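Containing mmCIF, N, CA and C atoms: work-v1.cif.
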data_entry
#
loop_
_atom_site.label_atom_id
_atom_site.label_comp_id
_atom_site.auth_asym_id
_atom_site.auth_seq_id
_atom_site.Cartn_x
_atom_site.Cartn_y
_atom_site.Cartn_z
N MET A 1 57.46 -70.17 -132.59
CA MET A 1 56.55 -70.70 -133.59
C MET A 1 56.28 -69.60 -134.60
N GLU A 2 56.32 -69.97 -135.85
CA GLU A 2 56.11 -68.99 -136.90
C GLU A 2 54.65 -68.63 -137.04
N ARG A 3 54.39 -67.56 -137.75
CA ARG A 3 53.03 -67.04 -137.89
C ARG A 3 52.10 -68.08 -138.54
N PHE A 4 52.54 -68.76 -139.59
CA PHE A 4 51.70 -69.77 -140.24
C PHE A 4 51.34 -70.89 -139.28
N GLY A 5 52.29 -71.32 -138.49
CA GLY A 5 52.03 -72.37 -137.50
C GLY A 5 51.01 -71.94 -136.47
N ARG A 6 51.09 -70.67 -136.06
CA ARG A 6 50.10 -70.17 -135.10
C ARG A 6 48.71 -70.13 -135.70
N TRP A 7 48.61 -69.79 -137.00
CA TRP A 7 47.30 -69.80 -137.66
C TRP A 7 46.74 -71.22 -137.75
N VAL A 8 47.61 -72.18 -138.02
CA VAL A 8 47.16 -73.58 -138.08
C VAL A 8 46.65 -74.04 -136.72
N VAL A 9 47.38 -73.71 -135.66
CA VAL A 9 46.94 -74.07 -134.31
C VAL A 9 45.61 -73.40 -133.99
N ALA A 10 45.46 -72.14 -134.33
CA ALA A 10 44.20 -71.43 -134.07
C ALA A 10 43.05 -72.08 -134.82
N PHE A 11 43.27 -72.48 -136.08
CA PHE A 11 42.23 -73.14 -136.85
C PHE A 11 41.85 -74.48 -136.23
N LEU A 12 42.84 -75.27 -135.85
CA LEU A 12 42.56 -76.58 -135.26
C LEU A 12 41.82 -76.46 -133.93
N VAL A 13 42.18 -75.48 -133.13
CA VAL A 13 41.48 -75.27 -131.86
C VAL A 13 40.03 -74.86 -132.10
N THR A 14 39.79 -74.03 -133.11
CA THR A 14 38.43 -73.60 -133.42
C THR A 14 37.59 -74.78 -133.89
N VAL A 15 38.14 -75.60 -134.77
CA VAL A 15 37.40 -76.78 -135.26
C VAL A 15 37.13 -77.76 -134.11
N ALA A 16 38.13 -77.97 -133.26
CA ALA A 16 37.95 -78.89 -132.13
C ALA A 16 36.91 -78.36 -131.15
N ALA A 17 36.91 -77.06 -130.92
CA ALA A 17 35.92 -76.48 -130.00
C ALA A 17 34.51 -76.70 -130.54
N PHE A 18 34.32 -76.52 -131.85
CA PHE A 18 33.00 -76.75 -132.44
C PHE A 18 32.60 -78.22 -132.34
N ALA A 19 33.50 -79.10 -132.75
CA ALA A 19 33.17 -80.52 -132.80
C ALA A 19 32.90 -81.10 -131.42
N VAL A 20 33.76 -80.80 -130.48
CA VAL A 20 33.62 -81.38 -129.14
C VAL A 20 32.38 -80.84 -128.44
N SER A 21 32.16 -79.54 -128.49
CA SER A 21 31.00 -79.00 -127.78
C SER A 21 29.69 -79.42 -128.45
N THR A 22 29.67 -79.53 -129.78
CA THR A 22 28.46 -79.99 -130.46
C THR A 22 28.16 -81.44 -130.09
N TRP A 23 29.17 -82.28 -130.10
CA TRP A 23 28.95 -83.68 -129.76
C TRP A 23 28.54 -83.85 -128.30
N LEU A 24 29.21 -83.14 -127.39
CA LEU A 24 28.86 -83.26 -125.98
C LEU A 24 27.42 -82.85 -125.72
N CYS A 25 27.03 -81.73 -126.31
CA CYS A 25 25.66 -81.26 -126.10
C CYS A 25 24.64 -82.17 -126.78
N GLY A 26 24.91 -82.56 -128.02
CA GLY A 26 23.94 -83.36 -128.76
C GLY A 26 23.82 -84.79 -128.30
N ALA A 27 24.90 -85.38 -127.84
CA ALA A 27 24.87 -86.79 -127.47
C ALA A 27 24.74 -87.04 -125.97
N LEU A 28 25.23 -86.14 -125.15
CA LEU A 28 25.24 -86.41 -123.71
C LEU A 28 24.35 -85.49 -122.88
N VAL A 29 24.35 -84.21 -123.17
CA VAL A 29 23.67 -83.25 -122.30
C VAL A 29 22.20 -83.09 -122.66
N LEU A 30 21.91 -82.87 -123.93
CA LEU A 30 20.55 -82.51 -124.34
C LEU A 30 19.56 -83.66 -124.52
N PRO A 31 19.95 -84.92 -124.67
CA PRO A 31 18.94 -85.97 -124.87
C PRO A 31 17.92 -86.08 -123.74
N SER A 32 18.32 -85.79 -122.54
CA SER A 32 17.36 -85.86 -121.43
C SER A 32 16.39 -84.68 -121.42
N VAL A 33 16.77 -83.60 -122.07
CA VAL A 33 15.92 -82.40 -122.09
C VAL A 33 15.07 -82.34 -123.35
N LEU A 34 15.67 -82.60 -124.50
CA LEU A 34 14.99 -82.51 -125.79
C LEU A 34 14.93 -83.90 -126.42
N LYS A 35 13.73 -84.41 -126.65
CA LYS A 35 13.57 -85.75 -127.21
C LYS A 35 13.68 -85.78 -128.72
N ASP A 36 13.26 -84.74 -129.41
CA ASP A 36 13.30 -84.70 -130.87
C ASP A 36 14.74 -84.49 -131.34
N PRO A 37 15.30 -85.43 -132.12
CA PRO A 37 16.70 -85.30 -132.54
C PRO A 37 16.97 -84.08 -133.42
N ALA A 38 16.02 -83.68 -134.23
CA ALA A 38 16.24 -82.52 -135.10
C ALA A 38 16.42 -81.25 -134.29
N ILE A 39 15.60 -81.08 -133.29
CA ILE A 39 15.72 -79.88 -132.43
C ILE A 39 16.98 -79.98 -131.57
N ARG A 40 17.22 -81.18 -131.04
CA ARG A 40 18.38 -81.37 -130.16
C ARG A 40 19.68 -81.05 -130.89
N TRP A 41 19.86 -81.54 -132.11
CA TRP A 41 21.11 -81.30 -132.82
C TRP A 41 21.19 -79.88 -133.36
N SER A 42 20.04 -79.24 -133.60
CA SER A 42 20.06 -77.82 -133.98
C SER A 42 20.56 -76.96 -132.83
N VAL A 43 20.06 -77.24 -131.65
CA VAL A 43 20.50 -76.50 -130.46
C VAL A 43 21.97 -76.80 -130.17
N ALA A 44 22.36 -78.07 -130.32
CA ALA A 44 23.76 -78.44 -130.08
C ALA A 44 24.68 -77.75 -131.08
N SER A 45 24.24 -77.63 -132.33
CA SER A 45 25.05 -76.93 -133.33
C SER A 45 25.19 -75.44 -133.01
N ALA A 46 24.12 -74.85 -132.51
CA ALA A 46 24.19 -73.44 -132.12
C ALA A 46 25.16 -73.24 -130.96
N LEU A 47 25.11 -74.13 -130.00
CA LEU A 47 26.05 -74.04 -128.87
C LEU A 47 27.48 -74.31 -129.34
N GLY A 48 27.66 -75.22 -130.28
CA GLY A 48 28.98 -75.48 -130.84
C GLY A 48 29.51 -74.27 -131.60
N ALA A 49 28.63 -73.60 -132.34
CA ALA A 49 29.05 -72.40 -133.06
C ALA A 49 29.46 -71.29 -132.10
N THR A 50 28.77 -71.21 -130.97
CA THR A 50 29.13 -70.22 -129.96
C THR A 50 30.52 -70.52 -129.38
N ALA A 51 30.77 -71.78 -129.08
CA ALA A 51 32.09 -72.16 -128.56
C ALA A 51 33.17 -71.92 -129.61
N ALA A 52 32.85 -72.21 -130.88
CA ALA A 52 33.83 -71.99 -131.95
C ALA A 52 34.11 -70.50 -132.13
N ALA A 53 33.10 -69.65 -131.97
CA ALA A 53 33.32 -68.21 -132.09
C ALA A 53 34.26 -67.71 -131.00
N LEU A 54 34.08 -68.20 -129.78
CA LEU A 54 34.98 -67.82 -128.70
C LEU A 54 36.40 -68.32 -128.96
N ALA A 55 36.51 -69.55 -129.46
CA ALA A 55 37.82 -70.09 -129.79
C ALA A 55 38.47 -69.31 -130.94
N ALA A 56 37.66 -68.87 -131.89
CA ALA A 56 38.20 -68.10 -133.01
C ALA A 56 38.72 -66.74 -132.54
N MET A 57 38.02 -66.11 -131.59
CA MET A 57 38.52 -64.84 -131.04
C MET A 57 39.85 -65.04 -130.34
N TRP A 58 39.97 -66.13 -129.57
CA TRP A 58 41.25 -66.43 -128.93
C TRP A 58 42.30 -66.70 -130.00
N GLY A 59 41.95 -67.48 -131.02
CA GLY A 59 42.89 -67.85 -132.06
C GLY A 59 43.43 -66.66 -132.83
N TYR A 60 42.58 -65.68 -133.08
CA TYR A 60 43.03 -64.48 -133.78
C TYR A 60 44.10 -63.75 -132.95
N GLY A 61 43.84 -63.60 -131.67
CA GLY A 61 44.83 -62.95 -130.80
C GLY A 61 46.11 -63.76 -130.69
N PHE A 62 45.98 -65.07 -130.65
CA PHE A 62 47.15 -65.95 -130.56
C PHE A 62 47.97 -65.89 -131.85
N ALA A 63 47.32 -65.86 -133.00
CA ALA A 63 48.02 -65.91 -134.28
C ALA A 63 48.65 -64.58 -134.67
N THR A 64 48.10 -63.48 -134.19
CA THR A 64 48.60 -62.17 -134.63
C THR A 64 49.47 -61.47 -133.61
N ARG A 65 49.71 -62.08 -132.47
CA ARG A 65 50.56 -61.40 -131.48
C ARG A 65 51.99 -61.34 -132.00
N ALA A 66 52.71 -60.38 -131.49
CA ALA A 66 54.10 -60.18 -131.92
C ALA A 66 54.96 -61.33 -131.42
N PRO A 67 55.88 -61.78 -132.25
CA PRO A 67 56.76 -62.87 -131.80
C PRO A 67 57.67 -62.40 -130.67
N GLU A 68 57.98 -63.33 -129.79
CA GLU A 68 58.84 -63.00 -128.66
C GLU A 68 60.27 -62.82 -129.14
N ARG A 69 60.90 -61.82 -128.63
CA ARG A 69 62.33 -61.61 -128.89
C ARG A 69 63.08 -62.17 -127.69
N GLY A 70 64.33 -61.87 -127.61
CA GLY A 70 65.13 -62.35 -126.48
C GLY A 70 64.67 -61.74 -125.17
N ARG A 71 65.25 -62.18 -124.11
CA ARG A 71 64.88 -61.69 -122.78
C ARG A 71 65.64 -60.42 -122.41
N SER A 72 66.31 -59.79 -123.33
CA SER A 72 67.07 -58.58 -123.01
C SER A 72 66.13 -57.42 -122.72
N SER A 73 66.60 -56.49 -121.94
CA SER A 73 65.80 -55.31 -121.61
C SER A 73 65.77 -54.36 -122.80
N PRO A 74 64.65 -53.68 -122.99
CA PRO A 74 64.60 -52.73 -124.11
C PRO A 74 65.50 -51.53 -123.84
N ALA A 75 65.99 -50.94 -124.91
CA ALA A 75 66.85 -49.77 -124.77
C ALA A 75 65.99 -48.58 -124.32
N VAL A 76 66.50 -47.82 -123.40
CA VAL A 76 65.78 -46.64 -122.91
C VAL A 76 66.63 -45.40 -123.19
N GLN A 77 65.96 -44.28 -123.31
CA GLN A 77 66.64 -43.02 -123.55
C GLN A 77 66.12 -41.97 -122.59
N ALA A 78 67.00 -41.09 -122.20
CA ALA A 78 66.63 -39.96 -121.37
C ALA A 78 66.89 -38.69 -122.19
N PRO A 79 65.85 -38.11 -122.81
CA PRO A 79 66.07 -37.02 -123.75
C PRO A 79 66.52 -35.70 -123.13
N GLY A 80 66.16 -35.42 -121.90
CA GLY A 80 66.51 -34.14 -121.30
C GLY A 80 67.87 -34.16 -120.63
N GLY A 81 68.35 -32.98 -120.27
CA GLY A 81 69.66 -32.87 -119.64
C GLY A 81 69.69 -33.48 -118.26
N ARG A 82 68.62 -33.37 -117.51
CA ARG A 82 68.58 -33.91 -116.15
C ARG A 82 67.60 -35.08 -116.03
N ALA A 83 67.21 -35.64 -117.17
CA ALA A 83 66.25 -36.74 -117.16
C ALA A 83 66.92 -38.04 -116.75
N VAL A 84 66.13 -38.92 -116.18
CA VAL A 84 66.61 -40.23 -115.75
C VAL A 84 65.73 -41.28 -116.41
N ALA A 85 66.34 -42.30 -116.97
CA ALA A 85 65.60 -43.41 -117.58
C ALA A 85 66.01 -44.70 -116.90
N ILE A 86 65.03 -45.54 -116.61
CA ILE A 86 65.29 -46.83 -115.96
C ILE A 86 64.92 -47.92 -116.96
N GLY A 87 65.85 -48.80 -117.27
CA GLY A 87 65.58 -49.91 -118.15
C GLY A 87 65.24 -51.15 -117.36
N GLY A 88 64.24 -51.90 -117.78
CA GLY A 88 63.85 -53.12 -117.08
C GLY A 88 63.00 -52.78 -115.87
N SER A 89 63.17 -53.51 -114.82
CA SER A 89 62.39 -53.32 -113.61
C SER A 89 63.14 -52.41 -112.63
N ASN A 90 62.44 -51.52 -111.99
CA ASN A 90 63.08 -50.64 -111.03
C ASN A 90 62.87 -51.14 -109.60
N TYR A 91 62.38 -52.37 -109.46
CA TYR A 91 62.22 -52.97 -108.14
C TYR A 91 63.41 -53.85 -107.84
N PRO A 92 63.85 -53.88 -106.58
CA PRO A 92 65.02 -54.71 -106.23
C PRO A 92 64.74 -56.18 -106.31
#
Could you express the structure from this file as structure tokens?
Amino acid sequence: MERFGRWVVAFLVTVAAFAVSTWLCGALVLPSVLKDPAIRWSVASALGATAAALAAMWGYGFATRAPERGRSSPAVQAPGGRAVAIGGSNYP
């Protein structure tokens, strides 16, 4: 997936996290605790913003990570005369 596509996915996940958590809190969870709709939706919006902030932190890491290359082992070098370099895993 290209970098632009990853940014779009990160944005959509952030928006969905805000919308879903705000609606769940405001419509299902908080009505039994808070009777005043103005206070209830203010608290629900704050909780939604918190969920969106966490999703945005994940999205930033997802969008800016290095793209995967092939499954080949990285090249290794042994600079000294008697040095040994192991490429890949050294476990059997």
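Distance annotation: of A:Val9, A:Met1, A:Leu24, A:Ala17, the residue with the minimal separation from A:Thr50 is A:Ala17; atom set is all atoms listed in the file.
The interatomic distance for the pair atom CA of A:Ala49 and atom CA of A:Phe18 works out to 5.9 Å.
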If you run DSSP on this backbone, which residues of chain A come out as alpha helix (DSSP H), and could you give them as number ranges by chain?
-> A: 3-23, 37-64
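Minimum distance to A:Gly59 across A:Val20, A:Arg3, A:Ser42, A:Ala83 (counting only C-alpha atoms) occurs at A:Arg3.
Among A:Val84, A:Ala16, A:Ala63, A:Leu34, the residue with the shortest atom-to-atom distance to A:Ala51, counting only N, CA and C atoms, is A:Ala16.
For the choices A:Trp58, A:Pro31, A:Pro67, A:Ala38, the atom-to-atom distance to A:Glu2 is smallest for A:Pro67 when using all atoms listed in the file.
Coordinates place atom CA of A:Phe11 at a distance of 26.5 Å from atom C of A:Val29.
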A straight line from atom CA of A:Trp23 to atom C of A:Met57 spans 21.6 Å
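Proximity to A:Gly5 was assessed for A:Ser21, A:Gly26, A:Lys35, A:Thr64 counting only C-alpha atoms; the smallest distance is recorded for A:Thr64.
Using all atoms listed in the file, the smallest distance between any of A:Arg40, A:Pro79, A:Gly87, A:Val15 and A:Ala27 comes from A:Arg40.
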Report as a list in words the residues that result from applying the PyMOL selection byres (((chain A and resi 76 and name CA) around 10) and name CA) to the structure here.
-> Ser73, Pro74, Ala75, Gln77, Ala78, Pro79, Val84, Ala85, Ile86, Gly87 and Gly88 of chain A
Please fill the gaps in stretch 14-35 of chain A so it has N, CA, C and O atoms, and write that as a PDB file, keeping the file's coordinate frame.
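The resulting result-v7.pdb:
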ATOM      1  N   THR A  14      39.790 -74.030-133.110  1.00  0.00           N
ATOM      2  CA  THR A  14      38.430 -73.600-133.420  1.00  0.00           C
ATOM      3  C   THR A  14      37.590 -74.780-133.890  1.00  0.00           C
ATOM      4  O   THR A  14      36.442 -74.958-133.450  1.00  0.00           O
ATOM      5  N   VAL A  15      38.140 -75.600-134.770  1.00  0.00           N
ATOM      6  CA  VAL A  15      37.400 -76.780-135.260  1.00  0.00           C
ATOM      7  C   VAL A  15      37.130 -77.760-134.110  1.00  0.00           C
ATOM      8  O   VAL A  15      36.032 -78.296-133.981  1.00  0.00           O
ATOM      9  N   ALA A  16      38.130 -77.970-133.260  1.00  0.00           N
ATOM     10  CA  ALA A  16      37.950 -78.890-132.130  1.00  0.00           C
ATOM     11  C   ALA A  16      36.910 -78.360-131.150  1.00  0.00           C
ATOM     12  O   ALA A  16      36.113 -79.139-130.616  1.00  0.00           O
ATOM     13  N   ALA A  17      36.910 -77.060-130.920  1.00  0.00           N
ATOM     14  CA  ALA A  17      35.920 -76.480-130.000  1.00  0.00           C
ATOM     15  C   ALA A  17      34.510 -76.700-130.540  1.00  0.00           C
ATOM     16  O   ALA A  17      33.590 -77.043-129.786  1.00  0.00           O
ATOM     17  N   PHE A  18      34.320 -76.520-131.850  1.00  0.00           N
ATOM     18  CA  PHE A  18      33.000 -76.750-132.440  1.00  0.00           C
ATOM     19  C   PHE A  18      32.600 -78.220-132.340  1.00  0.00           C
ATOM     20  O   PHE A  18      31.508 -78.554-131.895  1.00  0.00           O
ATOM     21  N   ALA A  19      33.500 -79.100-132.750  1.00  0.00           N
ATOM     22  CA  ALA A  19      33.170 -80.520-132.800  1.00  0.00           C
ATOM     23  C   ALA A  19      32.900 -81.100-131.420  1.00  0.00           C
ATOM     24  O   ALA A  19      31.901 -81.809-131.218  1.00  0.00           O
ATOM     25  N   VAL A  20      33.760 -80.800-130.480  1.00  0.00           N
ATOM     26  CA  VAL A  20      33.620 -81.380-129.140  1.00  0.00           C
ATOM     27  C   VAL A  20      32.380 -80.840-128.440  1.00  0.00           C
ATOM     28  O   VAL A  20      31.592 -81.603-127.865  1.00  0.00           O
ATOM     29  N   SER A  21      32.160 -79.540-128.490  1.00  0.00           N
ATOM     30  CA  SER A  21      31.000 -79.000-127.780  1.00  0.00           C
ATOM     31  C   SER A  21      29.690 -79.420-128.450  1.00  0.00           C
ATOM     32  O   SER A  21      28.699 -79.677-127.767  1.00  0.00           O
ATOM     33  N   THR A  22      29.670 -79.530-129.780  1.00  0.00           N
ATOM     34  CA  THR A  22      28.460 -79.990-130.460  1.00  0.00           C
ATOM     35  C   THR A  22      28.160 -81.440-130.090  1.00  0.00           C
ATOM     36  O   THR A  22      27.021 -81.785-129.778  1.00  0.00           O
ATOM     37  N   TRP A  23      29.170 -82.280-130.100  1.00  0.00           N
ATOM     38  CA  TRP A  23      28.950 -83.680-129.760  1.00  0.00           C
ATOM     39  C   TRP A  23      28.540 -83.850-128.300  1.00  0.00           C
ATOM     40  O   TRP A  23      27.621 -84.625-128.003  1.00  0.00           O
ATOM     41  N   LEU A  24      29.210 -83.140-127.390  1.00  0.00           N
ATOM     42  CA  LEU A  24      28.860 -83.260-125.980  1.00  0.00           C
ATOM     43  C   LEU A  24      27.420 -82.850-125.720  1.00  0.00           C
ATOM     44  O   LEU A  24      26.673 -83.522-125.012  1.00  0.00           O
ATOM     45  N   CYS A  25      27.030 -81.730-126.310  1.00  0.00           N
ATOM     46  CA  CYS A  25      25.660 -81.260-126.100  1.00  0.00           C
ATOM     47  C   CYS A  25      24.640 -82.170-126.780  1.00  0.00           C
ATOM     48  O   CYS A  25      23.623 -82.521-126.197  1.00  0.00           O
ATOM     49  N   GLY A  26      24.910 -82.560-128.020  1.00  0.00           N
ATOM     50  CA  GLY A  26      23.940 -83.360-128.760  1.00  0.00           C
ATOM     51  C   GLY A  26      23.820 -84.790-128.300  1.00  0.00           C
ATOM     52  O   GLY A  26      22.743 -85.374-128.357  1.00  0.00           O
ATOM     53  N   ALA A  27      24.900 -85.380-127.840  1.00  0.00           N
ATOM     54  CA  ALA A  27      24.870 -86.790-127.470  1.00  0.00           C
ATOM     55  C   ALA A  27      24.740 -87.040-125.970  1.00  0.00           C
ATOM     56  O   ALA A  27      24.190 -88.065-125.576  1.00  0.00           O
ATOM     57  N   LEU A  28      25.230 -86.140-125.150  1.00  0.00           N
ATOM     58  CA  LEU A  28      25.240 -86.410-123.710  1.00  0.00           C
ATOM     59  C   LEU A  28      24.350 -85.490-122.880  1.00  0.00           C
ATOM     60  O   LEU A  28      23.688 -85.954-121.957  1.00  0.00           O
ATOM     61  N   VAL A  29      24.350 -84.210-123.170  1.00  0.00           N
ATOM     62  CA  VAL A  29      23.670 -83.250-122.300  1.00  0.00           C
ATOM     63  C   VAL A  29      22.200 -83.090-122.660  1.00  0.00           C
ATOM     64  O   VAL A  29      21.319 -83.163-121.799  1.00  0.00           O
ATOM     65  N   LEU A  30      21.910 -82.870-123.930  1.00  0.00           N
ATOM     66  CA  LEU A  30      20.550 -82.510-124.340  1.00  0.00           C
ATOM     67  C   LEU A  30      19.560 -83.660-124.520  1.00  0.00           C
ATOM     68  O   LEU A  30      18.356 -83.398-124.537  1.00  0.00           O
ATOM     69  N   PRO A  31      19.950 -84.920-124.670  1.00  0.00           N
ATOM     70  CA  PRO A  31      18.940 -85.970-124.870  1.00  0.00           C
ATOM     71  C   PRO A  31      17.920 -86.080-123.740  1.00  0.00           C
ATOM     72  O   PRO A  31      16.766 -86.443-123.977  1.00  0.00           O
ATOM     73  N   SER A  32      18.320 -85.790-122.540  1.00  0.00           N
ATOM     74  CA  SER A  32      17.360 -85.860-121.430  1.00  0.00           C
ATOM     75  C   SER A  32      16.390 -84.680-121.420  1.00  0.00           C
ATOM     76  O   SER A  32      15.319 -84.772-120.832  1.00  0.00           O
ATOM     77  N   VAL A  33      16.770 -83.600-122.070  1.00  0.00           N
ATOM     78  CA  VAL A  33      15.920 -82.400-122.090  1.00  0.00           C
ATOM     79  C   VAL A  33      15.070 -82.340-123.350  1.00  0.00           C
ATOM     80  O   VAL A  33      13.878 -82.037-123.288  1.00  0.00           O
ATOM     81  N   LEU A  34      15.670 -82.600-124.500  1.00  0.00           N
ATOM     82  CA  LEU A  34      14.990 -82.510-125.790  1.00  0.00           C
ATOM     83  C   LEU A  34      14.930 -83.900-126.420  1.00  0.00           C
ATOM     84  O   LEU A  34      15.959 -84.492-126.732  1.00  0.00           O
ATOM     85  N   LYS A  35      13.730 -84.410-126.650  1.00  0.00           N
ATOM     86  CA  LYS A  35      13.570 -85.750-127.210  1.00  0.00           C
ATOM     87  C   LYS A  35      13.680 -85.780-128.720  1.00  0.00           C
ATOM     88  O   LYS A  35      14.141 -86.758-129.292  1.00  0.00           O
TER      89      LYS A  35
END
